[in-house]
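J.: This is the content of data-v9.txt (compact mmCIF, C-alpha atoms):
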```txt
# COMPACT_ATOMS: atom_id res chain seq x y z
CA MET I 668 0.00 0.00 0.00
CA LYS I 669 2.84 2.39 0.90
CA LYS I 670 4.48 1.72 -2.45
CA ILE I 671 1.26 2.58 -4.27
CA VAL I 672 0.92 5.88 -2.36
CA SER I 673 4.55 6.77 -3.05
CA LEU I 674 4.08 5.96 -6.73
CA LEU I 675 0.99 8.17 -6.91
CA ILE I 676 2.87 11.04 -5.29
CA LEU I 677 5.67 10.68 -7.83
CA VAL I 678 3.16 10.66 -10.68
CA VAL I 679 1.50 13.85 -9.37
CA LEU I 680 4.85 15.60 -8.91
CA PHE I 681 6.04 14.57 -12.34
CA SER I 682 2.78 15.68 -13.89
CA SER I 683 3.04 19.03 -12.11
CA CYS I 684 6.64 19.59 -13.22
CA SER I 685 5.77 18.52 -16.74
CA GLU I 686 2.84 20.98 -16.84
CA TYR I 687 5.09 23.80 -15.66
CA GLN I 688 7.84 23.00 -18.18
CA LYS I 689 5.30 22.87 -21.00
CA ALA I 690 3.89 26.23 -19.92
CA LEU I 691 7.36 27.79 -19.96
CA LYS I 692 7.87 26.67 -23.55
CA SER I 693 4.33 27.34 -24.72
CA GLU I 694 3.51 30.27 -27.01
CA ASP I 695 -0.03 30.40 -25.61
CA ILE I 696 -0.22 33.16 -22.97
CA ALA I 697 -3.55 31.79 -21.73
CA VAL I 698 -1.85 28.52 -20.85
CA LYS I 699 0.96 30.38 -19.11
CA TYR I 700 -1.57 32.43 -17.16
CA GLU I 701 -3.54 29.40 -16.04
CA VAL I 702 -0.45 27.50 -14.89
CA SER I 703 1.12 30.54 -13.22
CA ALA I 704 -2.06 31.19 -11.22
CA LYS I 705 -2.18 27.51 -10.22
CA ILE I 706 1.41 27.32 -8.97
CA TYR I 707 1.06 30.73 -7.29
CA GLY I 708 -1.85 29.26 -5.34
CA LYS I 709 0.43 26.44 -4.23
CA GLY I 710 3.02 28.91 -2.92
CA LYS I 711 5.60 28.17 -5.61
CA TYR I 712 6.37 31.85 -6.07
CA GLU I 713 9.76 31.63 -7.77
CA LYS I 714 8.36 29.41 -10.50
CA ALA I 715 5.30 31.65 -10.82
CA ILE I 716 7.56 34.67 -11.28
CA ARG I 717 9.20 33.09 -14.34
CA LEU I 718 5.82 32.75 -16.02
CA PHE I 719 4.57 36.17 -14.86
CA GLU I 720 7.65 37.79 -16.35
CA GLN I 721 6.90 36.14 -19.68
CA ILE I 722 3.26 37.19 -19.93
CA ALA I 723 3.00 40.47 -17.99
CA PRO I 724 3.58 42.76 -21.03
CA SER I 725 0.90 40.90 -23.04
CA TYR I 726 -1.74 41.20 -20.34
CA LYS I 727 -1.61 44.96 -19.80
CA GLY I 728 -5.10 46.35 -20.36
CA LYS I 729 -6.74 42.91 -20.34
CA PRO I 730 -9.46 41.90 -17.82
CA GLN I 731 -7.11 39.44 -16.11
CA ALA I 732 -4.37 42.05 -15.69
CA GLU I 733 -5.39 43.24 -12.21
CA LYS I 734 -5.26 39.74 -10.73
CA LEU I 735 -2.07 38.90 -12.60
CA PHE I 736 -0.15 41.97 -11.45
CA TYR I 737 -1.34 41.49 -7.87
CA MET I 738 -0.03 37.91 -7.89
CA PHE I 739 3.15 39.10 -9.60
CA SER I 740 3.73 41.71 -6.87
CA GLN I 741 3.01 39.25 -4.10
CA SER I 742 5.39 36.69 -5.61
CA TYR I 743 8.26 39.16 -5.46
CA TYR I 744 7.25 40.07 -1.91
CA LYS I 745 7.02 36.46 -0.75
CA THR I 746 10.48 35.74 -2.16
CA LYS I 747 11.88 38.86 -0.41
CA GLN I 748 12.78 40.65 -3.63
CA TYR I 749 11.79 43.95 -2.07
CA TYR I 750 13.03 46.36 -4.73
CA LEU I 751 10.98 44.59 -7.39
CA ALA I 752 8.02 44.02 -5.05
CA GLY I 753 7.96 47.67 -4.01
CA TYR I 754 7.97 48.80 -7.62
CA GLN I 755 5.27 46.30 -8.65
CA PHE I 756 2.97 47.14 -5.74
CA GLU I 757 3.40 50.86 -6.36
CA ASN I 758 2.63 50.39 -10.05
CA PHE I 759 -0.38 48.22 -9.17
CA ALA I 760 -1.77 50.84 -6.78
CA SER I 761 -1.50 53.61 -9.38
CA SER I 762 -2.82 51.43 -12.23
CA TYR I 763 -5.85 50.11 -10.34
CA PRO I 764 -7.02 52.91 -8.00
CA LYS I 765 -10.49 51.30 -7.63
CA SER I 766 -9.16 47.85 -6.82
CA GLU I 767 -10.11 46.30 -3.49
CA LYS I 768 -6.40 45.48 -3.18
CA GLN I 769 -5.28 49.09 -3.64
CA GLU I 770 -4.94 49.90 0.06
CA GLU I 771 -2.98 46.72 0.72
CA ALA I 772 -0.75 47.37 -2.30
CA MET I 773 0.09 50.89 -1.14
CA PHE I 774 0.98 49.66 2.33
CA LEU I 775 3.08 46.74 1.09
CA SER I 776 4.90 48.99 -1.36
CA ALA I 777 5.89 51.31 1.50
CA GLN I 778 6.76 48.34 3.69
CA CYS I 779 9.05 46.97 0.98
CA TYR I 780 11.08 50.17 0.99
CA SER I 781 11.28 50.02 4.78
CA LYS I 782 12.74 46.52 4.52
CA LEU I 783 15.46 47.94 2.27
CA SER I 784 16.41 50.50 4.90
CA PRO I 785 20.06 49.83 5.85
CA ALA I 786 21.90 50.13 9.16
CA TYR I 787 21.88 53.68 10.54
CA SER I 788 25.58 54.12 9.76
CA LEU I 789 24.96 53.78 6.00
CA ASP I 790 23.31 56.08 3.47
CA GLN I 791 19.64 56.53 4.38
CA ALA I 792 18.18 57.21 0.90
CA ASP I 793 15.97 54.12 1.09
CA THR I 794 14.92 55.05 4.62
CA ASP I 795 13.84 58.51 3.47
CA LYS I 796 11.97 56.96 0.54
CA ALA I 797 10.21 54.53 2.88
CA LEU I 798 9.18 57.37 5.21
CA ASP I 799 7.73 59.32 2.27
CA LYS I 800 5.80 56.26 1.06
CA LEU I 801 4.51 55.46 4.55
CA GLN I 802 3.41 59.04 5.18
CA ASN I 803 1.59 59.07 1.85
CA PHE I 804 -0.18 55.85 2.82
CA ILE I 805 -1.12 57.22 6.26
CA ASP I 806 -2.48 60.42 4.70
CA THR I 807 -4.46 58.44 2.10
CA TYR I 808 -5.84 55.83 4.53
CA PRO I 809 -5.96 57.44 8.01
CA THR I 810 -8.36 54.77 9.31
CA SER I 811 -6.65 51.78 7.71
CA THR I 812 -6.27 48.51 9.61
CA TYR I 813 -2.61 48.73 8.59
CA LEU I 814 -2.23 52.07 10.43
CA PRO I 815 -0.75 50.69 13.71
CA GLU I 816 1.88 48.74 11.78
CA ALA I 817 2.61 51.71 9.51
CA ASN I 818 3.07 54.01 12.52
CA ALA I 819 5.36 51.49 14.22
CA ILE I 820 7.54 51.29 11.11
CA VAL I 821 7.65 55.09 10.84
CA LYS I 822 8.77 55.35 14.46
CA GLU I 823 11.52 52.77 13.91
CA LEU I 824 12.77 54.45 10.74
CA LYS I 825 12.72 57.93 12.25
CA ASN I 826 14.73 56.68 15.19
CA LYS I 827 17.30 55.33 12.74
CA VAL I 828 17.52 58.68 10.91
CA GLU I 829 17.87 60.48 14.26
CA LYS I 830 20.60 58.10 15.41
CA LYS I 831 22.59 58.70 12.23
CA ALA I 832 22.29 62.49 12.65
CA PHE I 833 23.25 62.19 16.33
CA GLU I 834 26.29 60.04 15.56
CA ASN I 835 27.37 62.50 12.86
CA ALA I 836 27.23 65.35 15.39
CA LYS I 837 28.96 63.22 18.02
CA GLN I 838 31.83 62.59 15.64
CA TYR I 839 32.92 66.24 15.91
CA ASN I 840 33.22 65.84 19.67
CA THR I 841 35.15 62.60 19.22
CA ILE I 842 37.75 64.23 16.94
CA SER I 843 38.02 67.23 19.30
CA ASP I 844 36.50 69.77 16.90
CA TYR I 845 34.56 71.27 19.77
CA LYS I 846 33.38 74.42 18.03
CA ALA I 847 31.86 72.45 15.17
CA ALA I 848 30.41 69.96 17.65
CA GLN I 849 28.38 72.66 19.42
CA ILE I 850 26.92 73.84 16.12
CA ALA I 851 26.18 70.27 15.07
CA PHE I 852 24.37 69.47 18.33
CA ASP I 853 22.35 72.69 18.11
CA ASN I 854 21.31 71.77 14.57
CA PHE I 855 20.49 68.23 15.63
CA ILE I 856 18.23 69.36 18.49
CA SER I 857 16.56 71.90 16.19
CA ASP I 858 15.93 69.28 13.51
CA PHE I 859 14.73 66.61 15.97
CA PRO I 860 13.16 68.45 18.94
CA GLY I 861 11.44 65.33 20.27
CA THR I 862 14.39 62.99 19.81
CA THR I 863 15.20 60.30 22.36
CA PHE I 864 18.84 61.37 22.04
CA LYS I 865 18.21 64.90 23.33
CA GLU I 866 19.71 64.33 26.79
CA ASP I 867 22.86 62.84 25.26
CA ALA I 868 23.08 65.66 22.72
CA LEU I 869 22.75 68.34 25.42
CA TYR I 870 25.42 66.68 27.54
CA LEU I 871 27.85 66.35 24.64
CA LYS I 872 27.19 69.96 23.70
CA LEU I 873 28.17 70.89 27.28
CA ASP I 874 31.21 68.64 27.09
CA SER I 875 32.27 70.29 23.84
CA ALA I 876 31.70 73.81 25.16
CA TYR I 877 33.58 73.01 28.38
CA LYS I 878 36.61 71.51 26.64
CA LEU I 879 36.75 74.35 24.14
CA ALA I 880 36.61 76.88 26.99
CA ILE I 881 39.26 75.42 29.31
CA ASN I 882 41.67 74.99 26.42
CA SER I 883 41.18 78.50 25.05
CA VAL I 884 43.57 81.41 24.99
CA VAL I 885 42.86 83.96 27.74
CA GLN I 886 41.28 86.45 25.33
CA LYS I 887 38.52 84.00 24.42
CA MET I 888 38.20 82.04 27.65
CA GLN I 889 35.65 84.16 29.53
CA GLU I 890 33.12 84.16 26.70
CA ARG I 891 33.55 80.44 26.15
CA LEU I 892 33.26 79.62 29.84
CA ASN I 893 29.98 81.53 29.94
CA ASN I 894 28.81 79.62 26.85
CA ALA I 895 29.65 76.37 28.64
CA LYS I 896 27.65 77.52 31.65
CA VAL I 897 24.66 78.18 29.37
CA ALA I 898 25.07 74.66 27.99
CA TYR I 899 25.07 73.28 31.55
CA ASN I 900 21.86 75.16 32.34
CA GLY I 901 20.29 73.82 29.14
CA LEU I 902 21.02 70.25 30.20
CA VAL I 903 19.67 70.50 33.77
CA LYS I 904 16.68 72.52 32.62
CA PHE I 905 15.79 69.72 30.24
CA LYS I 906 16.33 67.05 32.89
CA ALA I 907 17.22 68.03 36.45
CA ASP I 908 18.13 64.47 37.42
CA THR I 909 20.08 63.78 34.24
CA LYS I 910 22.25 60.67 34.22
CA TYR I 911 25.16 63.02 33.49
CA LYS I 912 24.56 65.15 36.61
CA ALA I 913 27.77 64.18 38.43
CA LYS I 914 30.00 64.85 35.42
CA ALA I 915 28.12 68.04 34.55
CA ASP I 916 28.47 69.35 38.13
CA GLU I 917 32.22 68.72 38.01
CA MET I 918 32.42 70.77 34.84
CA LEU I 919 30.34 73.56 36.38
CA ALA I 920 32.63 73.71 39.41
CA ARG I 921 35.66 74.11 37.13
CA ILE I 922 33.82 76.69 35.00
CA ASP I 923 32.90 78.80 38.05
CA LYS I 924 36.45 78.55 39.42
CA ASP I 925 37.99 79.66 36.12
CA LEU I 926 35.50 82.53 35.78
CA GLN I 927 36.64 83.97 39.12
CA GLN I 928 39.83 85.26 37.52
CA PHE I 929 37.74 87.54 35.31
CA SER I 930 35.77 89.07 38.20
CA LYS I 931 38.75 90.63 39.92
```
Can the structure in the file be given as C-alpha cells, please?
T.:
Amino acid sequence: MKKIVSLLILVVLFSSCSEYQKALKSEDIAVKYEVSAKIYGKGKYEKAIRLFEQIAPSYKGKPQAEKLFYMFSQSYYKTKQYYLAGYQFENFASSYPKSEKQEEAMFLSAQCYSKLSPAYSLDQADTDKALDKLQNFIDTYPTSTYLPEANAIVKELKNKVEKKAFENAKQYNTISDYKAAQIAFDNFISDFPGTTFKEDALYLKLDSAYKLAINSVVQKMQERLNNAKVAYNGLVKFKADTKYKAKADEMLARIDKDLQQFSK
C-alpha cells in the first residue's frame, strides 16, 4: 500500500513539473496564465515569477491584468525581492485605484522600501523613501487597519535617521572639533526636537563647550566659559536628574572657578 501511495505522489509531482515546463515553452499566454495562477496558489512563487515575467507585457489592459499583477507583486514580496516588489505594488496601486487590493498594495509597497532601509551608519536614501511612502499611505488611509503597523515602522525608521544624525554630530566631539560639535548638536536638536537622544546631545554639547573653553587662549576664555555655563543650564533645565549630573556638576565647578579670575 505504501508503495502505491509513493508511486501516486511521484506521478503527481512529475505531472506538475511537466505541466510547468510545458507552460514555460508554450507560445499560448492563456496557458501560461492558467499555470502561473495555479502554482502561485500552491506557494511556488519563484516558479510563478518566471511565467509572470513572460506574460505580464501581453496582459496589460486585459481583464485578467489586475489579478495577474497582484499575484506578480506578491510573488516578489514572498520571495523577499523587495526592490521589485515595491515597484510592482506601487505600479499596481497607481494602475488600479479602484481595486479592493489598492490599500494593501500601497501599504506593502511602502513596507518593501522600509525593509530595504540599511543600518543607521549607512546612506539613508531608502529610509527617506520609505518614510515618504509610509506618510503618503497614512495620509491616504488614516483609518486603515494597517495604520498601527505603519506608525510602528515610521517610528523605527525615524529613530534610525535620528541616530545617524546624532552620531554625525557626536563625531565632531570625538575628533576634538569642539566648536563644530556645538553647532552640530544645536542643529540636531533643532531638527529633531522630540528625539530620544536629546539628553545625550545636550550633555555632549556641554562637554564640547567646556573643553573648548578650558583649552582657550585667555582672550577667548571668559566668553567660552559663559557659553559652557549656558550649555550646563540647558542640560539641567531639560532634565534636572540627568544621568550626566555628576559629570556636569564637576564641569560647572571648574567653570565657576575659572571665571573667578575675570571678576577681579
J.: Compile a residue-level contact table for region 798-827 of chain I against region 856-880 of chain I at a cut-off of 12 Å, reporting for every qualifying residue the shortest atom pair and its distance in Å to one decimal, with only C-alpha atoms counted, rows ordered by chain and ascending number, as JSON lines.
T.:
```
{"residue": "I:Lys822", "atom": "CA", "partner": "I:Thr862", "partner_atom": "CA", "distance": 10.9}
{"residue": "I:Glu823", "atom": "CA", "partner": "I:Thr863", "partner_atom": "CA", "distance": 11.9}
{"residue": "I:Lys825", "atom": "CA", "partner": "I:Thr862", "partner_atom": "CA", "distance": 9.2}
{"residue": "I:Asn826", "atom": "CA", "partner": "I:Thr862", "partner_atom": "CA", "distance": 7.8}
{"residue": "I:Lys827", "atom": "CA", "partner": "I:Thr862", "partner_atom": "CA", "distance": 10.8}
```
J.: Need to verify the contact set: Ala819 (chain I), 12 Å, only C-alpha atoms, exclusion of same-chain residues closer than 6 positions in sequence. Can you return it as a list in words?
T.: Gln778, Ser781, Leu798, Leu801, Gln802, Ile805, Tyr813, Lys825 and Asn826 of chain I
J.: Counting all atoms listed in the file, which of I:Glu713, I:Glu701, I:Asp793, I:Glu829 gets nearest to Cys779 (chain I)?
T.: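 Of all the options, I:Asp793 lies closest to Cys779 (chain I).
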J.: Using Å and a single decimal, report how far CA of Leu919 (chain I) sits from CA of Phe905 (chain I).
T.: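 So the answer is 16.3 Å.
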J.: Excluding Ala797 (chain I) and any residue of its chain fewer than 3 positions from it, enumerate the residues within 10 Å of it, using all atoms listed in the file, and give them as a CSV table (one decimal) with C-alpha atoms, keeping the file's coordinate frame.
T.:
```csv
chain,number,residue,atom,x,y,z
I,753,GLY,CA,8.0,47.7,-4.0
I,776,SER,CA,4.9,49.0,-1.4
I,777,ALA,CA,5.9,51.3,1.5
I,778,GLN,CA,6.8,48.3,3.7
I,779,CYS,CA,9.0,47.0,1.0
I,780,TYR,CA,11.1,50.2,1.0
I,781,SER,CA,11.3,50.0,4.8
I,782,LYS,CA,12.7,46.5,4.5
I,783,LEU,CA,15.5,47.9,2.3
I,784,SER,CA,16.4,50.5,4.9
I,791,GLN,CA,19.6,56.5,4.4
I,792,ALA,CA,18.2,57.2,0.9
I,793,ASP,CA,16.0,54.1,1.1
I,794,THR,CA,14.9,55.0,4.6
I,800,LYS,CA,5.8,56.3,1.1
I,801,LEU,CA,4.5,55.5,4.6
I,802,GLN,CA,3.4,59.0,5.2
I,803,ASN,CA,1.6,59.1,1.8
I,820,ILE,CA,7.5,51.3,11.1
I,821,VAL,CA,7.6,55.1,10.8
I,824,LEU,CA,12.8,54.4,10.7
```
J.: One decimal, Å: what's the distance from CA of Lys765 (chain I) over to CA of Tyr808 (chain I), could you say?
T.: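 Atom-to-atom, CA of Lys765 (chain I) and CA of Tyr808 (chain I) are spaced 13.8 Å apart.
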J.: Which residue is closest to Ser703 (chain I)? Choose from I:Ser725, I:Ser742, I:Thr807, I:Thr841 and count only C-alpha atoms.
T.: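 Looking at the shortest contact to Ser703 (chain I), the residue is I:Ser742.
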J.: Taking 5 positions as the minimum chain separation for residues in the same chain, which residues sit within 12 Å of Lys727 (chain I) when counting only C-alpha atoms? Answer as a PyMOL selection string.
T.: chain I and resi 719+722+732-736+758-759+762-763
